[in-house]
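Q: My structure is stored as query-v1.cif, with mmCIF, N, CA and C atoms; chains and numbers go by the auth columns.
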```
data_target
#
loop_
_atom_site.group_PDB
_atom_site.id
_atom_site.type_symbol
_atom_site.label_atom_id
_atom_site.label_comp_id
_atom_site.label_asym_id
_atom_site.label_seq_id
_atom_site.Cartn_x
_atom_site.Cartn_y
_atom_site.Cartn_z
_atom_site.B_iso_or_equiv
_atom_site.auth_seq_id
_atom_site.auth_asym_id
ATOM 1 N N PRO A 1 -63.142 24.093 -9.595 0.00 1 A
ATOM 2 C CA PRO A 1 -64.150 23.228 -10.198 0.00 1 A
ATOM 3 C C PRO A 1 -63.627 22.591 -11.482 0.00 1 A
ATOM 4 N N VAL A 2 -64.064 21.377 -11.722 0.00 2 A
ATOM 5 C CA VAL A 2 -63.673 20.646 -12.930 0.00 2 A
ATOM 6 C C VAL A 2 -64.916 20.440 -13.781 0.00 2 A
ATOM 7 N N ASN A 3 -64.861 20.905 -15.021 0.00 3 A
ATOM 8 C CA ASN A 3 -65.994 20.758 -15.927 0.00 3 A
ATOM 9 C C ASN A 3 -65.947 19.378 -16.566 0.00 3 A
ATOM 10 N N VAL A 4 -67.029 18.627 -16.443 0.00 4 A
ATOM 11 C CA VAL A 4 -67.102 17.301 -17.068 0.00 4 A
ATOM 12 C C VAL A 4 -68.228 17.274 -18.103 0.00 4 A
ATOM 13 N N GLY A 5 -68.413 18.382 -18.783 0.00 5 A
ATOM 14 C CA GLY A 5 -69.444 18.471 -19.818 0.00 5 A
ATOM 15 C C GLY A 5 -68.978 17.860 -21.126 0.00 5 A
ATOM 16 N N ASN A 6 -69.811 18.010 -22.127 0.00 6 A
ATOM 17 C CA ASN A 6 -69.494 17.530 -23.466 0.00 6 A
ATOM 18 C C ASN A 6 -68.804 18.663 -24.217 0.00 6 A
ATOM 19 N N PRO A 7 -67.605 18.436 -24.755 0.00 7 A
ATOM 20 C CA PRO A 7 -66.876 19.515 -25.407 0.00 7 A
ATOM 21 C C PRO A 7 -67.418 19.885 -26.790 0.00 7 A
ATOM 22 N N ASN A 8 -68.390 19.142 -27.301 0.00 8 A
ATOM 23 C CA ASN A 8 -68.975 19.485 -28.595 0.00 8 A
ATOM 24 C C ASN A 8 -69.998 20.596 -28.403 0.00 8 A
ATOM 25 N N GLU A 9 -69.937 21.582 -29.275 0.00 9 A
ATOM 26 C CA GLU A 9 -70.854 22.711 -29.144 0.00 9 A
ATOM 27 C C GLU A 9 -72.084 22.483 -30.014 0.00 9 A
ATOM 28 N N PHE A 10 -73.246 22.738 -29.443 0.00 10 A
ATOM 29 C CA PHE A 10 -74.502 22.670 -30.187 0.00 10 A
ATOM 30 C C PHE A 10 -75.441 23.697 -29.582 0.00 10 A
ATOM 31 N N THR A 11 -76.396 24.123 -30.368 0.00 11 A
ATOM 32 C CA THR A 11 -77.327 25.135 -29.873 0.00 11 A
ATOM 33 C C THR A 11 -78.456 24.472 -29.095 0.00 11 A
ATOM 34 N N ILE A 12 -79.132 25.264 -28.289 0.00 12 A
ATOM 35 C CA ILE A 12 -80.302 24.771 -27.564 0.00 12 A
ATOM 36 C C ILE A 12 -81.374 24.361 -28.575 0.00 12 A
ATOM 37 N N LYS A 13 -81.464 25.085 -29.681 0.00 13 A
ATOM 38 C CA LYS A 13 -82.425 24.736 -30.737 0.00 13 A
ATOM 39 C C LYS A 13 -82.114 23.351 -31.304 0.00 13 A
ATOM 40 N N GLU A 14 -80.842 23.080 -31.579 0.00 14 A
ATOM 41 C CA GLU A 14 -80.452 21.754 -32.088 0.00 14 A
ATOM 42 C C GLU A 14 -80.790 20.667 -31.075 0.00 14 A
ATOM 43 N N LEU A 15 -80.529 20.934 -29.809 0.00 15 A
ATOM 44 C CA LEU A 15 -80.832 19.975 -28.750 0.00 15 A
ATOM 45 C C LEU A 15 -82.340 19.730 -28.671 0.00 15 A
ATOM 46 N N ALA A 16 -83.118 20.803 -28.698 0.00 16 A
ATOM 47 C CA ALA A 16 -84.578 20.673 -28.630 0.00 16 A
ATOM 48 C C ALA A 16 -85.114 19.867 -29.813 0.00 16 A
ATOM 49 N N LYS A 17 -84.616 20.154 -31.017 0.00 17 A
ATOM 50 C CA LYS A 17 -85.060 19.412 -32.205 0.00 17 A
ATOM 51 C C LYS A 17 -84.745 17.925 -32.072 0.00 17 A
ATOM 52 N N GLN A 18 -83.575 17.614 -31.549 0.00 18 A
ATOM 53 C CA GLN A 18 -83.180 16.217 -31.393 0.00 18 A
ATOM 54 C C GLN A 18 -84.077 15.509 -30.373 0.00 18 A
ATOM 55 N N ILE A 19 -84.383 16.166 -29.274 0.00 19 A
ATOM 56 C CA ILE A 19 -85.259 15.576 -28.253 0.00 19 A
ATOM 57 C C ILE A 19 -86.662 15.371 -28.810 0.00 19 A
ATOM 58 N N ILE A 20 -87.174 16.352 -29.539 0.00 20 A
ATOM 59 C CA ILE A 20 -88.503 16.221 -30.152 0.00 20 A
ATOM 60 C C ILE A 20 -88.531 15.020 -31.090 0.00 20 A
ATOM 61 N N LYS A 21 -87.495 14.874 -31.889 0.00 21 A
ATOM 62 C CA LYS A 21 -87.420 13.749 -32.836 0.00 21 A
ATOM 63 C C LYS A 21 -87.352 12.413 -32.095 0.00 21 A
ATOM 64 N N LEU A 22 -86.468 12.306 -31.110 0.00 22 A
ATOM 65 C CA LEU A 22 -86.262 11.039 -30.405 0.00 22 A
ATOM 66 C C LEU A 22 -87.465 10.615 -29.570 0.00 22 A
ATOM 67 N N THR A 23 -88.276 11.576 -29.159 0.00 23 A
ATOM 68 C CA THR A 23 -89.452 11.256 -28.344 0.00 23 A
ATOM 69 C C THR A 23 -90.733 11.210 -29.174 0.00 23 A
ATOM 70 N N ASN A 24 -90.596 11.390 -30.484 0.00 24 A
ATOM 71 C CA ASN A 24 -91.768 11.441 -31.371 0.00 24 A
ATOM 72 C C ASN A 24 -92.798 12.436 -30.855 0.00 24 A
ATOM 73 N N SER A 25 -92.319 13.554 -30.370 0.00 25 A
ATOM 74 C CA SER A 25 -93.184 14.569 -29.771 0.00 25 A
ATOM 75 C C SER A 25 -93.757 15.492 -30.842 0.00 25 A
ATOM 76 N N SER A 26 -94.919 16.010 -30.574 0.00 26 A
ATOM 77 C CA SER A 26 -95.507 17.021 -31.454 0.00 26 A
ATOM 78 C C SER A 26 -95.254 18.427 -30.894 0.00 26 A
ATOM 79 N N SER A 27 -94.386 18.515 -29.905 0.00 27 A
ATOM 80 C CA SER A 27 -94.063 19.806 -29.284 0.00 27 A
ATOM 81 C C SER A 27 -93.495 20.772 -30.314 0.00 27 A
ATOM 82 N N GLN A 28 -93.764 22.029 -30.092 0.00 28 A
ATOM 83 C CA GLN A 28 -93.219 23.092 -30.930 0.00 28 A
ATOM 84 C C GLN A 28 -92.181 23.860 -30.119 0.00 28 A
ATOM 85 N N ILE A 29 -91.171 24.344 -30.794 0.00 29 A
ATOM 86 C CA ILE A 29 -90.153 25.156 -30.130 0.00 29 A
ATOM 87 C C ILE A 29 -90.706 26.571 -29.992 0.00 29 A
ATOM 88 N N VAL A 30 -90.632 27.102 -28.783 0.00 30 A
ATOM 89 C CA VAL A 30 -91.103 28.458 -28.504 0.00 30 A
ATOM 90 C C VAL A 30 -89.873 29.324 -28.241 0.00 30 A
ATOM 91 N N TYR A 31 -89.766 30.403 -28.967 0.00 31 A
ATOM 92 C CA TYR A 31 -88.611 31.290 -28.831 0.00 31 A
ATOM 93 C C TYR A 31 -88.936 32.417 -27.856 0.00 31 A
ATOM 94 N N LYS A 32 -88.036 32.626 -26.911 0.00 32 A
ATOM 95 C CA LYS A 32 -88.178 33.682 -25.903 0.00 32 A
ATOM 96 C C LYS A 32 -86.905 34.528 -25.922 0.00 32 A
ATOM 97 N N PRO A 33 -86.981 35.772 -25.464 0.00 33 A
ATOM 98 C CA PRO A 33 -85.764 36.584 -25.380 0.00 33 A
ATOM 99 C C PRO A 33 -84.758 35.929 -24.431 0.00 33 A
ATOM 100 N N LEU A 34 -83.501 36.036 -24.791 0.00 34 A
ATOM 101 C CA LEU A 34 -82.445 35.467 -23.950 0.00 34 A
ATOM 102 C C LEU A 34 -82.227 36.342 -22.716 0.00 34 A
ATOM 103 N N PRO A 35 -81.910 35.723 -21.588 0.00 35 A
ATOM 104 C CA PRO A 35 -81.544 36.519 -20.409 0.00 35 A
ATOM 105 C C PRO A 35 -80.264 37.307 -20.694 0.00 35 A
ATOM 106 N N ALA A 36 -80.095 38.411 -20.017 0.00 36 A
ATOM 107 C CA ALA A 36 -78.919 39.265 -20.233 0.00 36 A
ATOM 108 C C ALA A 36 -77.619 38.514 -19.974 0.00 36 A
ATOM 109 N N ASP A 37 -77.624 37.571 -19.025 0.00 37 A
ATOM 110 C CA ASP A 37 -76.393 36.854 -18.671 0.00 37 A
ATOM 111 C C ASP A 37 -76.260 35.517 -19.399 0.00 37 A
ATOM 112 N N ASP A 38 -77.043 35.309 -20.454 0.00 38 A
ATOM 113 C CA ASP A 38 -76.991 34.049 -21.196 0.00 38 A
ATOM 114 C C ASP A 38 -75.619 33.879 -21.844 0.00 38 A
ATOM 115 N N PRO A 39 -74.975 32.717 -21.655 0.00 39 A
ATOM 116 C CA PRO A 39 -73.654 32.522 -22.269 0.00 39 A
ATOM 117 C C PRO A 39 -73.768 32.425 -23.787 0.00 39 A
ATOM 118 N N LEU A 40 -72.881 33.111 -24.479 0.00 40 A
ATOM 119 C CA LEU A 40 -72.894 33.062 -25.942 0.00 40 A
ATOM 120 C C LEU A 40 -72.311 31.756 -26.449 0.00 40 A
ATOM 121 N N GLN A 41 -71.446 31.162 -25.656 0.00 41 A
ATOM 122 C CA GLN A 41 -70.815 29.904 -26.041 0.00 41 A
ATOM 123 C C GLN A 41 -71.163 28.840 -25.015 0.00 41 A
ATOM 124 N N ARG A 42 -71.593 27.681 -25.521 0.00 42 A
ATOM 125 C CA ARG A 42 -71.934 26.560 -24.636 0.00 42 A
ATOM 126 C C ARG A 42 -71.031 25.373 -24.974 0.00 42 A
ATOM 127 N N GLN A 43 -69.761 25.624 -24.938 0.00 43 A
ATOM 128 C CA GLN A 43 -68.789 24.576 -25.233 0.00 43 A
ATOM 129 C C GLN A 43 -67.799 24.538 -24.075 0.00 43 A
ATOM 130 N N PRO A 44 -68.009 23.619 -23.132 0.00 44 A
ATOM 131 C CA PRO A 44 -67.155 23.608 -21.951 0.00 44 A
ATOM 132 C C PRO A 44 -65.710 23.218 -22.264 0.00 44 A
ATOM 133 N N ASP A 45 -64.826 23.777 -21.495 0.00 45 A
ATOM 134 C CA ASP A 45 -63.411 23.418 -21.576 0.00 45 A
ATOM 135 C C ASP A 45 -63.178 22.279 -20.586 0.00 45 A
ATOM 136 N N ILE A 46 -62.944 21.077 -21.107 0.00 46 A
ATOM 137 C CA ILE A 46 -62.756 19.917 -20.230 0.00 46 A
ATOM 138 C C ILE A 46 -61.283 19.542 -20.071 0.00 46 A
ATOM 139 N N SER A 47 -60.387 20.460 -20.441 0.00 47 A
ATOM 140 C CA SER A 47 -58.954 20.149 -20.386 0.00 47 A
ATOM 141 C C SER A 47 -58.489 19.792 -18.970 0.00 47 A
ATOM 142 N N LEU A 48 -59.035 20.435 -17.945 0.00 48 A
ATOM 143 C CA LEU A 48 -58.639 20.116 -16.570 0.00 48 A
ATOM 144 C C LEU A 48 -59.082 18.702 -16.193 0.00 48 A
ATOM 145 N N ALA A 49 -60.268 18.306 -16.615 0.00 49 A
ATOM 146 C CA ALA A 49 -60.750 16.943 -16.345 0.00 49 A
ATOM 147 C C ALA A 49 -59.861 15.916 -17.044 0.00 49 A
ATOM 148 N N LYS A 50 -59.460 16.226 -18.274 0.00 50 A
ATOM 149 C CA LYS A 50 -58.561 15.316 -19.002 0.00 50 A
ATOM 150 C C LYS A 50 -57.213 15.213 -18.293 0.00 50 A
ATOM 151 N N GLU A 51 -56.691 16.373 -17.893 0.00 51 A
ATOM 152 C CA GLU A 51 -55.362 16.419 -17.282 0.00 51 A
ATOM 153 C C GLU A 51 -55.338 15.791 -15.887 0.00 51 A
ATOM 154 N N LYS A 52 -56.244 16.195 -15.024 0.00 52 A
ATOM 155 C CA LYS A 52 -56.196 15.774 -13.619 0.00 52 A
ATOM 156 C C LYS A 52 -56.909 14.447 -13.350 0.00 52 A
ATOM 157 N N LEU A 53 -57.958 14.172 -14.102 0.00 53 A
ATOM 158 C CA LEU A 53 -58.766 12.977 -13.831 0.00 53 A
ATOM 159 C C LEU A 53 -58.638 11.908 -14.915 0.00 53 A
ATOM 160 N N ASN A 54 -57.907 12.239 -15.980 0.00 54 A
ATOM 161 C CA ASN A 54 -57.804 11.340 -17.131 0.00 54 A
ATOM 162 C C ASN A 54 -59.211 10.956 -17.622 0.00 54 A
ATOM 163 N N TRP A 55 -60.086 11.972 -17.683 0.00 55 A
ATOM 164 C CA TRP A 55 -61.488 11.756 -18.029 0.00 55 A
ATOM 165 C C TRP A 55 -61.836 12.445 -19.340 0.00 55 A
ATOM 166 N N LYS A 56 -62.654 11.789 -20.116 0.00 56 A
ATOM 167 C CA LYS A 56 -63.258 12.418 -21.289 0.00 56 A
ATOM 168 C C LYS A 56 -64.594 11.720 -21.530 0.00 56 A
ATOM 169 N N PRO A 57 -65.545 12.398 -22.159 0.00 57 A
ATOM 170 C CA PRO A 57 -66.841 11.774 -22.394 0.00 57 A
ATOM 171 C C PRO A 57 -66.701 10.563 -23.312 0.00 57 A
ATOM 172 N N THR A 58 -67.494 9.547 -23.038 0.00 58 A
ATOM 173 C CA THR A 58 -67.438 8.332 -23.863 0.00 58 A
ATOM 174 C C THR A 58 -68.760 8.058 -24.568 0.00 58 A
ATOM 175 N N ILE A 59 -69.778 8.835 -24.268 0.00 59 A
ATOM 176 C CA ILE A 59 -71.092 8.633 -24.874 0.00 59 A
ATOM 177 C C ILE A 59 -71.444 9.869 -25.693 0.00 59 A
ATOM 178 N N GLU A 60 -71.798 9.655 -26.954 0.00 60 A
ATOM 179 C CA GLU A 60 -72.211 10.760 -27.816 0.00 60 A
ATOM 180 C C GLU A 60 -73.574 11.285 -27.371 0.00 60 A
ATOM 181 N N LEU A 61 -73.875 12.505 -27.752 0.00 61 A
ATOM 182 C CA LEU A 61 -75.109 13.161 -27.324 0.00 61 A
ATOM 183 C C LEU A 61 -76.350 12.325 -27.636 0.00 61 A
ATOM 184 N N GLU A 62 -76.497 11.864 -28.864 0.00 62 A
ATOM 185 C CA GLU A 62 -77.710 11.121 -29.230 0.00 62 A
ATOM 186 C C GLU A 62 -77.869 9.860 -28.381 0.00 62 A
ATOM 187 N N GLU A 63 -76.785 9.125 -28.191 0.00 63 A
ATOM 188 C CA GLU A 63 -76.850 7.910 -27.365 0.00 63 A
ATOM 189 C C GLU A 63 -77.243 8.255 -25.924 0.00 63 A
ATOM 190 N N GLY A 64 -76.672 9.328 -25.387 0.00 64 A
ATOM 191 C CA GLY A 64 -77.009 9.752 -24.035 0.00 64 A
ATOM 192 C C GLY A 64 -78.463 10.179 -23.915 0.00 64 A
ATOM 193 N N LEU A 65 -78.965 10.870 -24.925 0.00 65 A
ATOM 194 C CA LEU A 65 -80.374 11.270 -24.909 0.00 65 A
ATOM 195 C C LEU A 65 -81.283 10.052 -24.966 0.00 65 A
ATOM 196 N N ILE A 66 -80.951 9.090 -25.816 0.00 66 A
ATOM 197 C CA ILE A 66 -81.762 7.870 -25.926 0.00 66 A
ATOM 198 C C ILE A 66 -81.802 7.142 -24.583 0.00 66 A
ATOM 199 N N LYS A 67 -80.643 7.003 -23.946 0.00 67 A
ATOM 200 C CA LYS A 67 -80.597 6.330 -22.640 0.00 67 A
ATOM 201 C C LYS A 67 -81.411 7.096 -21.597 0.00 67 A
ATOM 202 N N THR A 68 -81.308 8.413 -21.613 0.00 68 A
ATOM 203 C CA THR A 68 -82.046 9.238 -20.654 0.00 68 A
ATOM 204 C C THR A 68 -83.550 9.130 -20.885 0.00 68 A
ATOM 205 N N ILE A 69 -83.967 9.177 -22.137 0.00 69 A
ATOM 206 C CA ILE A 69 -85.393 9.060 -22.474 0.00 69 A
ATOM 207 C C ILE A 69 -85.927 7.706 -22.027 0.00 69 A
ATOM 208 N N LYS A 70 -85.183 6.642 -22.308 0.00 70 A
ATOM 209 C CA LYS A 70 -85.614 5.296 -21.894 0.00 70 A
ATOM 210 C C LYS A 70 -85.726 5.201 -20.373 0.00 70 A
ATOM 211 N N TYR A 71 -84.788 5.802 -19.667 0.00 71 A
ATOM 212 C CA TYR A 71 -84.805 5.782 -18.203 0.00 71 A
ATOM 213 C C TYR A 71 -86.079 6.442 -17.672 0.00 71 A
ATOM 214 N N PHE A 72 -86.401 7.616 -18.187 0.00 72 A
ATOM 215 C CA PHE A 72 -87.588 8.313 -17.698 0.00 72 A
ATOM 216 C C PHE A 72 -88.875 7.633 -18.145 0.00 72 A
ATOM 217 N N GLU A 73 -88.870 7.008 -19.318 0.00 73 A
ATOM 218 C CA GLU A 73 -90.044 6.226 -19.730 0.00 73 A
ATOM 219 C C GLU A 73 -90.288 5.086 -18.743 0.00 73 A
ATOM 220 N N MET A 74 -89.205 4.427 -18.307 0.00 74 A
ATOM 221 C CA MET A 74 -89.315 3.344 -17.338 0.00 74 A
ATOM 222 C C MET A 74 -89.873 3.867 -16.009 0.00 74 A
ATOM 223 N N LEU A 75 -89.372 5.012 -15.552 0.00 75 A
ATOM 224 C CA LEU A 75 -89.856 5.588 -14.296 0.00 75 A
ATOM 225 C C LEU A 75 -91.340 5.941 -14.376 0.00 75 A
ATOM 226 N N LEU A 76 -91.768 6.449 -15.508 0.00 76 A
ATOM 227 C CA LEU A 76 -93.162 6.860 -15.657 0.00 76 A
ATOM 228 C C LEU A 76 -94.115 5.671 -15.713 0.00 76 A
ATOM 229 N N LYS A 77 -93.601 4.500 -16.079 0.00 77 A
ATOM 230 C CA LYS A 77 -94.439 3.299 -16.142 0.00 77 A
ATOM 231 C C LYS A 77 -94.704 2.717 -14.761 0.00 77 A
ATOM 232 N N LYS A 78 -93.909 3.109 -13.773 0.00 78 A
ATOM 233 C CA LYS A 78 -94.049 2.550 -12.415 0.00 78 A
ATOM 234 C C LYS A 78 -95.267 3.108 -11.722 0.00 78 A
#
```
As structure tokens - that is how I would like this structure written.
A:
Amino acid sequence: PVNVGNPNEFTIKELAKQIIKLTNSSSQIVYKPLPADDPLQRQPDISLAKEKLNWKPTIELEEGLIKTIKYFEMLLKK
């Protein structure tokens, strides 16, 4: 398998805060116990994708979230 994730590490809390901000949501973050098999590190190694596919991410997280939010807003308007 080739990982094509974003090599920048961020927490789920940081991601949730960013989504709440970008969507102007009044949602609150709810903390739950982590599953026993929860990965401690969420920073994919994309070296194989770079080496074999000459691939690397070209869109930063915030830009990707904005595009994704706009896409789903469009779908919900239909």
Q: Pull the closest atom pair for each residue of stretch 48-71 of chain A that gets at most 8 Å from stretch 6-30 of chain A, along with the distance in Å to one decimal, counting all atoms listed in the file, ordering rows by chain and then ascending residue number, as JSON lines.
A:
```
{"residue": "A:Lys56", "atom": "C", "partner": "A:Asn6", "partner_atom": "CA", "distance": 7.8}
{"residue": "A:Pro57", "atom": "CA", "partner": "A:Asn6", "partner_atom": "CA", "distance": 6.4}
{"residue": "A:Leu61", "atom": "N", "partner": "A:Asn6", "partner_atom": "CA", "distance": 7.9}
{"residue": "A:Glu62", "atom": "CA", "partner": "A:Gln18", "partner_atom": "CA", "distance": 7.8}
{"residue": "A:Leu65", "atom": "CA", "partner": "A:Ile19", "partner_atom": "CA", "distance": 7.3}
{"residue": "A:Ile66", "atom": "CA", "partner": "A:Leu22", "partner_atom": "CA", "distance": 7.1}
{"residue": "A:Ile69", "atom": "CA", "partner": "A:Thr23", "partner_atom": "CA", "distance": 7.5}
```
Q: Enter the distance from atom N of A:Arg42 to atom N of A:Asn3, in Å, rounded to one decimal.
A: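 Pair atom N of A:Arg42 / atom N of A:Asn3 returns 14.2 Å.
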Q: Write down as a PyMOL selection string the residues of chain A whose backbone DSSP state falls under helix (DSSP H, G or I).
A: chain A and resi 12-22+47-53+61-77
Q: Given the PyMOL selection byres (((chain A and resi 4 and name CA) around 12) and name CA) and the file above, list the residues it selects as an MDAnalysis selection string.
A: chainID A and resid 1:3 5:8 43:58
Q: Atom CA of A:Gln41 and atom CA of A:Gly64, how far apart in Å?
A: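 These atoms are spaced 21.2 Å apart.
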Q: Grab all the atoms of stretch 10-17 of chain A that the file lists, wrap them in a box along x, y and z, add 4 Å per side, and give me centre plus edge lengths in Å (one decimal) as JSON.
A:
```
{"center_x": -79.2, "center_y": 21.6, "center_z": -29.9, "size_x": 19.9, "size_y": 15.3, "size_z": 12.6}
```
Q: To one decimal place, how far is atom C of A:Glu60 from atom CA of A:Leu40 in Å?
A: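 Spanning atom C of A:Glu60 to atom CA of A:Leu40 is a straight-line distance of 21.8 Å.
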